[in-house]
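J.: File entry.pdb follows (PDB, C-alpha atoms):
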ATOM      1  CA  MET N1150      13.230 -16.370 -20.355
ATOM      2  CA  THR N1151      12.317 -16.492 -16.723
ATOM      3  CA  ASP N1152       8.849 -17.402 -15.676
ATOM      4  CA  ASP N1153       8.061 -14.076 -14.126
ATOM      5  CA  GLU N1154       8.271 -12.164 -17.369
ATOM      6  CA  SER N1155       4.574 -12.212 -17.945
ATOM      7  CA  GLY N1156       4.081  -9.292 -20.299
ATOM      8  CA  GLY N1157       1.093  -7.169 -21.149
ATOM      9  CA  ASP N1158      -0.272  -9.814 -23.484
ATOM     10  CA  GLY N1159       0.073 -12.481 -20.834
ATOM     11  CA  PRO N1160      -2.721 -13.900 -18.777
ATOM     12  CA  SER N1161      -4.003 -11.914 -15.846
ATOM     13  CA  THR N1162      -5.553 -13.020 -12.614
ATOM     14  CA  GLY N1163      -8.721 -11.459 -13.966
ATOM     15  CA  SER N1164      -8.852 -13.744 -16.989
ATOM     16  CA  VAL N1165      -8.406 -16.861 -14.846
ATOM     17  CA  ARG N1166     -11.242 -15.659 -12.674
ATOM     18  CA  ALA N1167     -13.450 -14.880 -15.676
ATOM     19  CA  THR N1168     -12.761 -18.352 -17.060
ATOM     20  CA  TYR N1169     -13.785 -20.076 -13.838
ATOM     21  CA  ASP N1170     -16.812 -17.830 -13.504
ATOM     22  CA  ARG N1171     -17.880 -19.132 -16.908
ATOM     23  CA  ILE N1172     -17.079 -22.807 -16.471
ATOM     24  CA  ALA N1173     -17.990 -23.108 -12.763
ATOM     25  CA  ASP N1174     -21.141 -25.147 -13.198
ATOM     26  CA  HIS N1175     -19.716 -27.679 -15.646
ATOM     27  CA  PHE N1176     -16.326 -27.791 -13.888
ATOM     28  CA  SER N1177     -18.027 -28.586 -10.599
ATOM     29  CA  LYS N1178     -19.969 -31.496 -12.076
ATOM     30  CA  THR N1179     -16.720 -33.082 -13.240
ATOM     31  CA  ARG N1180     -14.985 -32.562  -9.898
ATOM     32  CA  GLU N1181     -17.227 -34.623  -7.688
ATOM     33  CA  TYR N1182     -14.615 -36.481  -5.661
ATOM     34  CA  ALA N1183     -11.542 -35.558  -3.663
ATOM     35  CA  TRP N1184      -8.161 -36.549  -5.035
ATOM     36  CA  PRO N1185      -6.653 -39.561  -3.212
ATOM     37  CA  GLU N1186      -3.435 -37.633  -2.467
ATOM     38  CA  ILE N1187      -5.470 -35.101  -0.496
ATOM     39  CA  GLU N1188      -7.244 -37.830   1.473
ATOM     40  CA  GLU N1189      -3.844 -39.365   2.223
ATOM     41  CA  PHE N1190      -2.480 -36.068   3.510
ATOM     42  CA  LEU N1191      -5.521 -35.458   5.696
ATOM     43  CA  ASP N1192      -5.577 -38.987   7.089
ATOM     44  CA  GLY N1193      -4.957 -38.813  10.828
ATOM     45  CA  ARG N1194      -4.715 -35.013  10.861
ATOM     46  CA  SER N1195      -7.158 -32.686  12.586
ATOM     47  CA  GLY N1196      -7.301 -29.231  14.072
ATOM     48  CA  SER N1197      -9.377 -26.320  15.142
ATOM     49  CA  VAL N1198      -9.449 -24.411  11.843
ATOM     50  CA  GLY N1199      -9.138 -25.847   8.324
ATOM     51  CA  LEU N1200      -8.479 -23.692   5.261
ATOM     52  CA  ASP N1201      -8.966 -24.524   1.583
ATOM     53  CA  VAL N1202      -7.318 -21.989  -0.742
ATOM     54  CA  GLY N1203      -8.746 -22.266  -4.253
ATOM     55  CA  CYS N1204     -11.656 -24.351  -2.981
ATOM     56  CA  GLY N1205     -13.537 -24.659  -6.277
ATOM     57  CA  ASN N1206     -16.751 -26.536  -5.585
ATOM     58  CA  GLY N1207     -15.666 -27.332  -2.019
ATOM     59  CA  ARG N1208     -14.906 -31.034  -2.466
ATOM     60  CA  HIS N1209     -11.784 -30.711  -0.280
ATOM     61  CA  THR N1210     -13.302 -28.127   2.074
ATOM     62  CA  GLU N1211     -15.772 -30.874   3.006
ATOM     63  CA  LEU N1212     -12.901 -33.106   4.116
ATOM     64  CA  LEU N1213     -11.480 -30.265   6.207
ATOM     65  CA  ALA N1214     -14.896 -29.629   7.755
ATOM     66  CA  ASP N1215     -14.957 -33.297   8.837
ATOM     67  CA  ARG N1216     -11.549 -33.060  10.496
ATOM     68  CA  CYS N1217     -11.600 -29.558  11.964
ATOM     69  CA  ASP N1218     -13.936 -27.716  14.330
ATOM     70  CA  ARG N1219     -14.416 -25.145  11.577
ATOM     71  CA  ALA N1220     -13.379 -24.811   7.969
ATOM     72  CA  LEU N1221     -13.143 -21.994   5.449
ATOM     73  CA  GLY N1222     -12.970 -22.270   1.683
ATOM     74  CA  VAL N1223     -11.871 -19.339  -0.473
ATOM     75  CA  ASP N1224     -11.778 -18.968  -4.231
ATOM     76  CA  LEU N1225     -11.054 -16.181  -6.681
ATOM     77  CA  SER N1226     -14.126 -16.991  -8.760
ATOM     78  CA  ARG N1227     -17.436 -15.869  -7.332
ATOM     79  CA  GLU N1228     -19.284 -18.462  -9.394
ATOM     80  CA  MET N1229     -17.113 -21.239  -7.981
ATOM     81  CA  VAL N1230     -17.808 -20.014  -4.434
ATOM     82  CA  ALA N1231     -21.540 -19.955  -5.227
ATOM     83  CA  THR N1232     -21.243 -23.541  -6.501
ATOM     84  CA  ALA N1233     -19.506 -24.575  -3.268
ATOM     85  CA  ARG N1234     -22.209 -22.872  -1.218
ATOM     86  CA  GLU N1235     -24.945 -24.739  -3.046
ATOM     87  CA  ARG N1236     -23.115 -28.049  -2.818
ATOM     88  CA  SER N1237     -22.441 -27.643   0.921
ATOM     89  CA  ARG N1238     -26.138 -27.048   1.525
ATOM     90  CA  GLU N1239     -27.193 -30.036  -0.580
ATOM     91  CA  ARG N1240     -24.744 -32.305   1.204
ATOM     92  CA  GLY N1241     -25.237 -30.905   4.704
ATOM     93  CA  PHE N1242     -21.721 -29.540   5.217
ATOM     94  CA  ASP N1243     -21.168 -26.517   7.393
ATOM     95  CA  TYR N1244     -18.156 -24.393   6.497
ATOM     96  CA  GLY N1245     -17.442 -20.763   5.739
ATOM     97  CA  LEU N1246     -16.839 -19.387   2.258
ATOM     98  CA  ALA N1247     -15.411 -16.186   0.862
ATOM     99  CA  GLN N1248     -14.285 -14.775  -2.443
ATOM    100  CA  ALA N1249     -10.570 -14.052  -2.071
ATOM    101  CA  ASP N1250      -7.204 -13.854  -3.794
ATOM    102  CA  ALA N1251      -4.531 -16.395  -2.821
ATOM    103  CA  SER N1252      -1.844 -13.694  -2.927
ATOM    104  CA  SER N1253      -3.661 -11.504  -0.390
ATOM    105  CA  LEU N1254      -5.530 -13.879   1.870
ATOM    106  CA  PRO N1255      -8.179 -12.321   4.124
ATOM    107  CA  VAL N1256      -7.201 -14.758   6.868
ATOM    108  CA  ARG N1257      -5.691 -13.978  10.267
ATOM    109  CA  ASP N1258      -2.070 -14.778  11.093
ATOM    110  CA  GLY N1259      -1.408 -18.273  12.395
ATOM    111  CA  VAL N1260      -5.040 -19.377  12.488
ATOM    112  CA  ALA N1261      -5.017 -22.436  10.193
ATOM    113  CA  ASP N1262      -4.106 -25.811  11.696
ATOM    114  CA  LEU N1263      -4.706 -27.679   8.483
ATOM    115  CA  ALA N1264      -4.749 -26.273   4.964
ATOM    116  CA  VAL N1265      -4.877 -27.403   1.360
ATOM    117  CA  PHE N1266      -3.718 -25.335  -1.601
ATOM    118  CA  VAL N1267      -4.522 -27.754  -4.374
ATOM    119  CA  ALA N1268      -4.274 -27.149  -8.131
ATOM    120  CA  THR N1269      -4.422 -23.402  -7.540
ATOM    121  CA  LEU N1270      -0.807 -22.199  -7.411
ATOM    122  CA  PRO N1271      -0.325 -22.898 -11.189
ATOM    123  CA  HIS N1272      -3.138 -20.471 -12.036
ATOM    124  CA  LEU N1273      -1.267 -17.498 -10.590
ATOM    125  CA  PRO N1274       0.172 -15.578 -13.541
ATOM    126  CA  THR N1275       3.658 -14.618 -12.307
ATOM    127  CA  ARG N1276       6.367 -16.187 -10.164
ATOM    128  CA  GLU N1277       6.074 -13.174  -7.871
ATOM    129  CA  ALA N1278       2.352 -13.846  -7.361
ATOM    130  CA  ARG N1279       2.977 -17.566  -6.847
ATOM    131  CA  ILE N1280       5.654 -17.011  -4.209
ATOM    132  CA  GLY N1281       3.451 -14.296  -2.694
ATOM    133  CA  SER N1282       0.666 -16.856  -2.302
ATOM    134  CA  LEU N1283       3.076 -19.321  -0.650
ATOM    135  CA  ASP N1284       4.175 -16.544   1.727
ATOM    136  CA  GLU N1285       0.531 -15.897   2.547
ATOM    137  CA  LEU N1286       0.002 -19.577   3.289
ATOM    138  CA  ALA N1287       3.042 -19.468   5.607
ATOM    139  CA  ARG N1288       1.582 -16.444   7.370
ATOM    140  CA  VAL N1289      -1.816 -17.986   8.073
ATOM    141  CA  LEU N1290      -0.568 -21.420   9.166
ATOM    142  CA  ALA N1291      -0.525 -22.063  12.898
ATOM    143  CA  PRO N1292       2.920 -22.815  14.423
ATOM    144  CA  ASP N1293       2.155 -26.544  14.325
ATOM    145  CA  GLY N1294      -0.042 -26.263  11.248
ATOM    146  CA  ARG N1295       0.529 -28.248   8.068
ATOM    147  CA  ALA N1296      -0.601 -27.660   4.508
ATOM    148  CA  LEU N1297      -0.583 -29.610   1.274
ATOM    149  CA  VAL N1298       0.434 -27.675  -1.841
ATOM    150  CA  SER N1299      -0.049 -29.195  -5.279
ATOM    151  CA  ALA N1300       0.836 -28.126  -8.807
ATOM    152  CA  TRP N1301       0.536 -29.702 -12.219
ATOM    153  CA  SER N1302       3.966 -30.882 -13.280
ATOM    154  CA  THR N1303       6.125 -31.464 -16.347
ATOM    155  CA  GLU N1304       6.122 -35.102 -15.232
ATOM    156  CA  HIS N1305       2.563 -35.447 -16.498
ATOM    157  CA  ASP N1306       2.251 -37.580 -19.643
ATOM    158  CA  ARG N1307       0.611 -34.799 -21.622
ATOM    159  CA  PHE N1308       3.639 -32.509 -21.350
ATOM    160  CA  ASP N1309       6.899 -32.955 -23.165
ATOM    161  CA  ALA N1310       9.192 -30.634 -21.224
ATOM    162  CA  ASP N1311      11.900 -30.836 -18.575
ATOM    163  CA  GLU N1312      11.597 -27.271 -17.376
ATOM    164  CA  GLY N1313       8.604 -25.378 -16.051
ATOM    165  CA  PHE N1314       6.670 -23.273 -18.547
ATOM    166  CA  ASP N1315       3.578 -21.107 -19.011
ATOM    167  CA  THR N1316       0.711 -22.382 -21.113
ATOM    168  CA  THR N1317      -3.020 -22.320 -21.570
ATOM    169  CA  VAL N1318      -5.133 -25.423 -21.270
ATOM    170  CA  GLU N1319      -8.571 -25.563 -22.794
ATOM    171  CA  TRP N1320     -11.710 -26.405 -20.901
ATOM    172  CA  THR N1321     -14.426 -27.605 -23.250
ATOM    173  CA  LEU N1322     -17.946 -26.662 -22.242
ATOM    174  CA  PRO N1323     -20.851 -29.042 -22.945
ATOM    175  CA  GLY N1324     -21.830 -27.081 -26.078
ATOM    176  CA  GLY N1325     -18.349 -27.650 -27.491
ATOM    177  CA  GLU N1326     -17.062 -24.152 -26.795
ATOM    178  CA  ALA N1327     -13.489 -24.125 -25.511
ATOM    179  CA  VAL N1328     -12.348 -21.738 -22.798
ATOM    180  CA  ASP N1329      -8.637 -21.202 -22.075
ATOM    181  CA  ARG N1330      -7.178 -21.438 -18.612
ATOM    182  CA  PHE N1331      -3.708 -20.143 -17.759
ATOM    183  CA  TYR N1332      -1.285 -22.575 -16.144
ATOM    184  CA  HIS N1333       2.284 -22.431 -15.050
ATOM    185  CA  ILE N1334       3.418 -26.047 -15.339
ATOM    186  CA  TYR N1335       6.069 -26.733 -12.699
ATOM    187  CA  ASP N1336       9.081 -28.937 -13.050
ATOM    188  CA  PRO N1337       9.682 -30.743  -9.740
ATOM    189  CA  GLU N1338      12.947 -28.956  -8.929
ATOM    190  CA  GLU N1339      11.367 -25.585  -9.626
ATOM    191  CA  PHE N1340       8.437 -26.464  -7.346
ATOM    192  CA  ARG N1341      10.838 -27.269  -4.522
ATOM    193  CA  ARG N1342      12.776 -24.087  -5.214
ATOM    194  CA  ASP N1343       9.713 -21.826  -5.232
ATOM    195  CA  VAL N1344       8.403 -23.329  -1.998
ATOM    196  CA  GLY N1345      11.894 -22.877  -0.523
ATOM    197  CA  SER N1346      11.945 -19.223  -1.630
ATOM    198  CA  SER N1347       8.790 -18.540   0.376
ATOM    199  CA  GLY N1348       8.111 -18.541   4.092
ATOM    200  CA  LEU N1349       7.265 -22.229   3.888
ATOM    201  CA  GLU N1350       9.421 -25.202   4.689
ATOM    202  CA  LEU N1351       8.979 -28.324   2.579
ATOM    203  CA  GLU N1352       8.534 -31.272   4.898
ATOM    204  CA  ALA N1353       7.727 -33.938   2.331
ATOM    205  CA  PHE N1354       7.602 -33.997  -1.459
ATOM    206  CA  GLU N1355       6.342 -36.390  -4.100
ATOM    207  CA  VAL N1356       5.274 -36.483  -7.719
ATOM    208  CA  SER N1357       2.033 -38.399  -8.084
ATOM    209  CA  SER N1358      -0.309 -38.684 -11.083
ATOM    210  CA  GLY N1359       1.653 -35.934 -12.837
ATOM    211  CA  ASN N1360       1.325 -33.482  -9.956
ATOM    212  CA  CYS N1361       3.896 -32.138  -7.509
ATOM    213  CA  TYR N1362       2.748 -32.465  -3.904
ATOM    214  CA  GLY N1363       4.451 -30.762  -1.012
ATOM    215  CA  VAL N1364       3.605 -31.071   2.666
ATOM    216  CA  VAL N1365       4.624 -27.755   4.147
ATOM    217  CA  ARG N1366       4.862 -25.902   7.425
ATOM    218  CA  SER N1367       5.659 -22.351   8.351
ATOM    219  CA  GLU N1368       9.424 -21.654   8.670
TER     220      GLU N1368
ATOM    221  CA  MET S 370     -21.796 -16.193   6.092
ATOM    222  CA  LYS S 371     -21.998 -16.845   9.793
ATOM    223  CA  GLU S 372     -20.915 -14.188  12.245
ATOM    224  CA  ASP S 373     -18.259 -16.405  13.837
ATOM    225  CA  LEU S 374     -16.320 -16.324  10.550
ATOM    226  CA  LEU S 375     -14.996 -13.000  11.854
ATOM    227  CA  ASP S 376     -12.696 -14.994  14.182
ATOM    228  CA  ILE S 377     -10.894 -16.289  11.086
ATOM    229  CA  VAL S 378     -11.110 -13.608   8.414
ATOM    230  CA  CYS S 379      -9.506 -10.188   8.308
ATOM    231  CA  CYS S 380      -8.825  -7.349   5.880
ATOM    232  CA  PRO S 381      -6.888  -8.783   2.886
ATOM    233  CA  LEU S 382      -4.797  -5.608   2.677
ATOM    234  CA  ASP S 383      -3.553  -4.857   6.192
ATOM    235  CA  LYS S 384      -4.841  -7.983   7.995
ATOM    236  CA  HIS S 385      -6.688  -5.973  10.647
ATOM    237  CA  ASP S 386     -10.093  -6.826  12.154
ATOM    238  CA  LEU S 387     -13.303  -6.439  10.186
ATOM    239  CA  GLU S 388     -16.481  -4.947  11.602
ATOM    240  CA  LEU S 389     -19.783  -6.433  10.507
ATOM    241  CA  ASP S 390     -22.811  -4.453   9.456
ATOM    242  CA  ALA S 391     -25.578  -6.906   8.599
ATOM    243  CA  THR S 392     -28.540  -5.597   6.629
ATOM    244  CA  GLU S 393     -30.229  -8.947   5.962
ATOM    245  CA  ARG S 394     -30.082 -12.118   8.067
ATOM    246  CA  GLU S 395     -31.651 -15.499   7.448
ATOM    247  CA  ASP S 396     -31.394 -18.698   9.549
ATOM    248  CA  GLY S 397     -28.483 -17.327  11.579
ATOM    249  CA  GLU S 398     -26.534 -16.304   8.492
ATOM    250  CA  ILE S 399     -25.753 -12.886   7.135
ATOM    251  CA  VAL S 400     -27.124 -12.714   3.594
ATOM    252  CA  THR S 401     -26.421  -9.075   2.834
ATOM    253  CA  GLY S 402     -24.203  -6.540   4.549
ATOM    254  CA  THR S 403     -20.704  -5.169   4.720
ATOM    255  CA  LEU S 404     -17.429  -5.852   6.452
ATOM    256  CA  THR S 405     -15.372  -2.751   7.207
ATOM    257  CA  CYS S 406     -11.701  -2.784   8.121
ATOM    258  CA  THR S 407     -11.219  -1.234  11.544
ATOM    259  CA  GLU S 408      -7.811   0.091  10.455
ATOM    260  CA  CYS S 409      -7.940   1.243   6.809
ATOM    261  CA  GLY S 410     -11.712   1.677   6.547
ATOM    262  CA  GLU S 411     -12.019  -0.375   3.346
ATOM    263  CA  VAL S 412     -15.550  -1.725   2.931
ATOM    264  CA  TYR S 413     -16.095  -5.299   1.697
ATOM    265  CA  PRO S 414     -19.572  -6.306   0.507
ATOM    266  CA  ILE S 415     -21.498  -9.434   1.537
ATOM    267  CA  GLU S 416     -23.972 -10.482  -1.159
ATOM    268  CA  ASP S 417     -26.026 -13.668  -1.415
ATOM    269  CA  GLY S 418     -24.338 -14.819   1.807
ATOM    270  CA  ILE S 419     -20.834 -14.635   0.339
ATOM    271  CA  PRO S 420     -18.339 -12.022   1.557
ATOM    272  CA  ASN S 421     -16.231 -10.550  -1.227
ATOM    273  CA  LEU S 422     -12.825 -10.181   0.421
ATOM    274  CA  LEU S 423     -10.867  -9.487  -2.742
ATOM    275  CA  PRO S 424      -8.503  -6.514  -2.563
ATOM    276  CA  PRO S 425     -10.500  -3.533  -3.866
ATOM    277  CA  ASP S 426      -8.413  -3.201  -7.052
ATOM    278  CA  MET S 427      -9.465  -6.734  -8.010
ATOM    279  CA  ARG S 428     -13.090  -6.320  -7.021
ATOM    280  CA  ASP S 429     -14.208  -4.310 -10.006
ATOM    281  CA  GLU S 430     -12.846  -6.558 -12.725
ATOM    282  CA  ALA S 431     -15.961  -7.492 -14.650
ATOM    283  CA  PRO S 432     -16.529 -11.198 -15.199
ATOM    284  CA  ALA S 433     -16.781 -12.308 -18.801
TER     285      ALA S 433
END
Show the structure stored in the file as structure tokens.
T.:
Amino acid sequence: MTDDESGGDGPSTGSVRATYDRIADHFSKTREYAWPEIEEFLDGRSGSVGLDVGCGNGRHTELLADRCDRALGVDLSREMVATARERSRERGFDYGLAQADASSLPVRDGVADLAVFVATLPHLPTREARIGSLDELARVLAPDGRALVSAWSTEHDRFDADEGFDTTVEWTLPGGEAVDRFYHIYDPEEFRRDVGSSGLELEAFEVSSGNCYGVVRSE
Amino acid sequence: MKEDLLDIVCCPLDKHDLELDATEREDGEIVTGTLTCTECGEVYPIEDGIPNLLPPDMRDEAPA
């Protein structure tokens, strides 16, 4: 089976959105700090416009806002965007926000000098949608722009697989209720291949803390 | 959203410019209004300060 054979019973972009709309508040409280790999990528980089695709509560959009003249965070889930808006106000950050789909970004061509696409690619339900989102990232990156793409990987201790696969991972709400989230778990070779199949060029690659990380530029 | 966001965002479908129609402003931000694509005419709502720039076929999916 190939990973783009997501049938009628498979997860849809809508269900991922509905899940994050439901868990936004709790999810945000457990995602207070930026991941060190993102800080590492951003270290020494700056630009005019920063873009965070799949911004969640905005913890990485804040880092972009520090390093760029302006920053924009987009997320599929309206509740997550609302959480980011509230958090940015509480913490005194000034960046733009919009509800958007990673596969059809409402962002102008070549405008982003610095971008992060972190832990979002695996939520897209088909290989076509995932490569489409990578193509969109390539489109919006400035000629000298760089982005960091991350995806949960088969290298993580909790998975026992050598090849990429589709799964659902539960999020447990404070009351004990579990909500499923769709993931495509990438094997490292597949990650490199999918990035290579898009309009992006992989400049650097590593597996860290069970995640694939790729530093990319537009081809 | 702030008006200068229009330098960065565009129509998610055809990537053309968006035209702002603000109906409610507060502290230099647009709280309520619409963004209309200058090419295809698609209208994107701004509510509670957040523009909804999802493609229209994704906009109506009801949250759980």
J.: So what does the PyMOL selection byres ((chain N and resi 1253-1268) around 7) actually pick up in this one, as number ranges by chain?
T.: N: 1195-1203, 1249-1252, 1269-1271, 1285, 1288-1301; S: 377-382, 384, 422
J.: So that I have them on file, write out the residues from the current selection with C-alpha atoms, as a short mmCIF file (atom, residue, chain, number, x, y, z; two decimals), in the coordinates of the input.
T.:
data_model
loop_
_atom_site.label_atom_id
_atom_site.label_comp_id
_atom_site.auth_asym_id
_atom_site.auth_seq_id
_atom_site.Cartn_x
_atom_site.Cartn_y
_atom_site.Cartn_z
CA SER N 1195 -7.16 -32.69 12.59
CA GLY N 1196 -7.30 -29.23 14.07
CA SER N 1197 -9.38 -26.32 15.14
CA VAL N 1198 -9.45 -24.41 11.84
CA GLY N 1199 -9.14 -25.85 8.32
CA LEU N 1200 -8.48 -23.69 5.26
CA ASP N 1201 -8.97 -24.52 1.58
CA VAL N 1202 -7.32 -21.99 -0.74
CA GLY N 1203 -8.75 -22.27 -4.25
CA ALA N 1249 -10.57 -14.05 -2.07
CA ASP N 1250 -7.20 -13.85 -3.79
CA ALA N 1251 -4.53 -16.40 -2.82
CA SER N 1252 -1.84 -13.69 -2.93
CA THR N 1269 -4.42 -23.40 -7.54
CA LEU N 1270 -0.81 -22.20 -7.41
CA PRO N 1271 -0.32 -22.90 -11.19
CA GLU N 1285 0.53 -15.90 2.55
CA ARG N 1288 1.58 -16.44 7.37
CA VAL N 1289 -1.82 -17.99 8.07
CA LEU N 1290 -0.57 -21.42 9.17
CA ALA N 1291 -0.52 -22.06 12.90
CA PRO N 1292 2.92 -22.82 14.42
CA ASP N 1293 2.15 -26.54 14.32
CA GLY N 1294 -0.04 -26.26 11.25
CA ARG N 1295 0.53 -28.25 8.07
CA ALA N 1296 -0.60 -27.66 4.51
CA LEU N 1297 -0.58 -29.61 1.27
CA VAL N 1298 0.43 -27.68 -1.84
CA SER N 1299 -0.05 -29.20 -5.28
CA ALA N 1300 0.84 -28.13 -8.81
CA TRP N 1301 0.54 -29.70 -12.22
CA ILE S 377 -10.89 -16.29 11.09
CA VAL S 378 -11.11 -13.61 8.41
CA CYS S 379 -9.51 -10.19 8.31
CA CYS S 380 -8.82 -7.35 5.88
CA PRO S 381 -6.89 -8.78 2.89
CA LEU S 382 -4.80 -5.61 2.68
CA LYS S 384 -4.84 -7.98 8.00
CA LEU S 422 -12.82 -10.18 0.42
#
J.: Could you tell me which residues of chain S sit within 12 Å of chain N when counting all atoms listed in the file, and give me the result as a count of residues only?
T.: 43
J.: Please indicate the distance in Å from atom CA of N:Met1229 to atom CA of N:Ser1177, rounded to one decimal place.
T.: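 Atom CA of N:Ser1177 lies 7.9 Å from atom CA of N:Met1229.
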J.: Around all the atoms of stretch 419-422 of chain S listed in the file, draw an axis-aligned box and extend it by 8 Å on each of the six sides; I want its centre and edge lengths in Å to one decimal, as JSON.
T.:
{"center_x": -16.8, "center_y": -12.4, "center_z": 0.2, "size_x": 24.0, "size_y": 20.5, "size_z": 18.8}
J.: At what distance in Å, to one decimal, does atom CA of N:Val1344 lie from atom CA of N:Ile1280?
T.: 7.2 Å
J.: Mind checking which residues fall within 8 Å of S:Leu389, counting all atoms listed in the file, ignoring those fewer than 3 positions away in the same chain, and posting them as number ranges by chain?
T.: S: 402-405
J.: Out of N:Asp1215, N:Asp1284, N:Glu1368, N:Glu1339, which residue has the shortest atom-to-atom distance to N:Arg1194 when counting only C-alpha atoms?
T.: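 So, comparing all the options, the nearest one is N:Asp1215.
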J.: Looking at N:Leu1351, N:Val1364, N:Leu1273, N:Val1356, which one is nearest to N:Tyr1332, with distances taken over only C-alpha atoms?
T.: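 Looking at the shortest contact to N:Tyr1332, the residue is N:Leu1273.
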J.: Taking the file as shown, what set of residues would the PyMOL selection byres ((chain N and resi 1330) around 6) give back, as number ranges by chain?
T.: N: 1317-1318, 1329, 1331
J.: Quick one: distance from atom CA of N:Ser1358 to atom CA of N:Glu1235 in Å, one decimal?
T.: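 Atom-to-atom, atom CA of N:Ser1358 and atom CA of N:Glu1235 are spaced 29.4 Å apart.
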J.: My list of candidates is N:Ser1237, N:Asp1336, N:Thr1179, N:Ala1353. Which is closest to N:Trp1320 when distances are computed with only C-alpha atoms?
T.: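 Selected residue with least distance to N:Trp1320: N:Thr1179.
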J.: For each of N:Arg1240, N:His1209, N:Leu1286, N:Gly1363, take the minimum atom-to-atom distance to N:Arg1342, counting all atoms listed in the file, then give the residue where this is smallest.
T.: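 For N:Arg1342, the nearest of the candidates is N:Gly1363.
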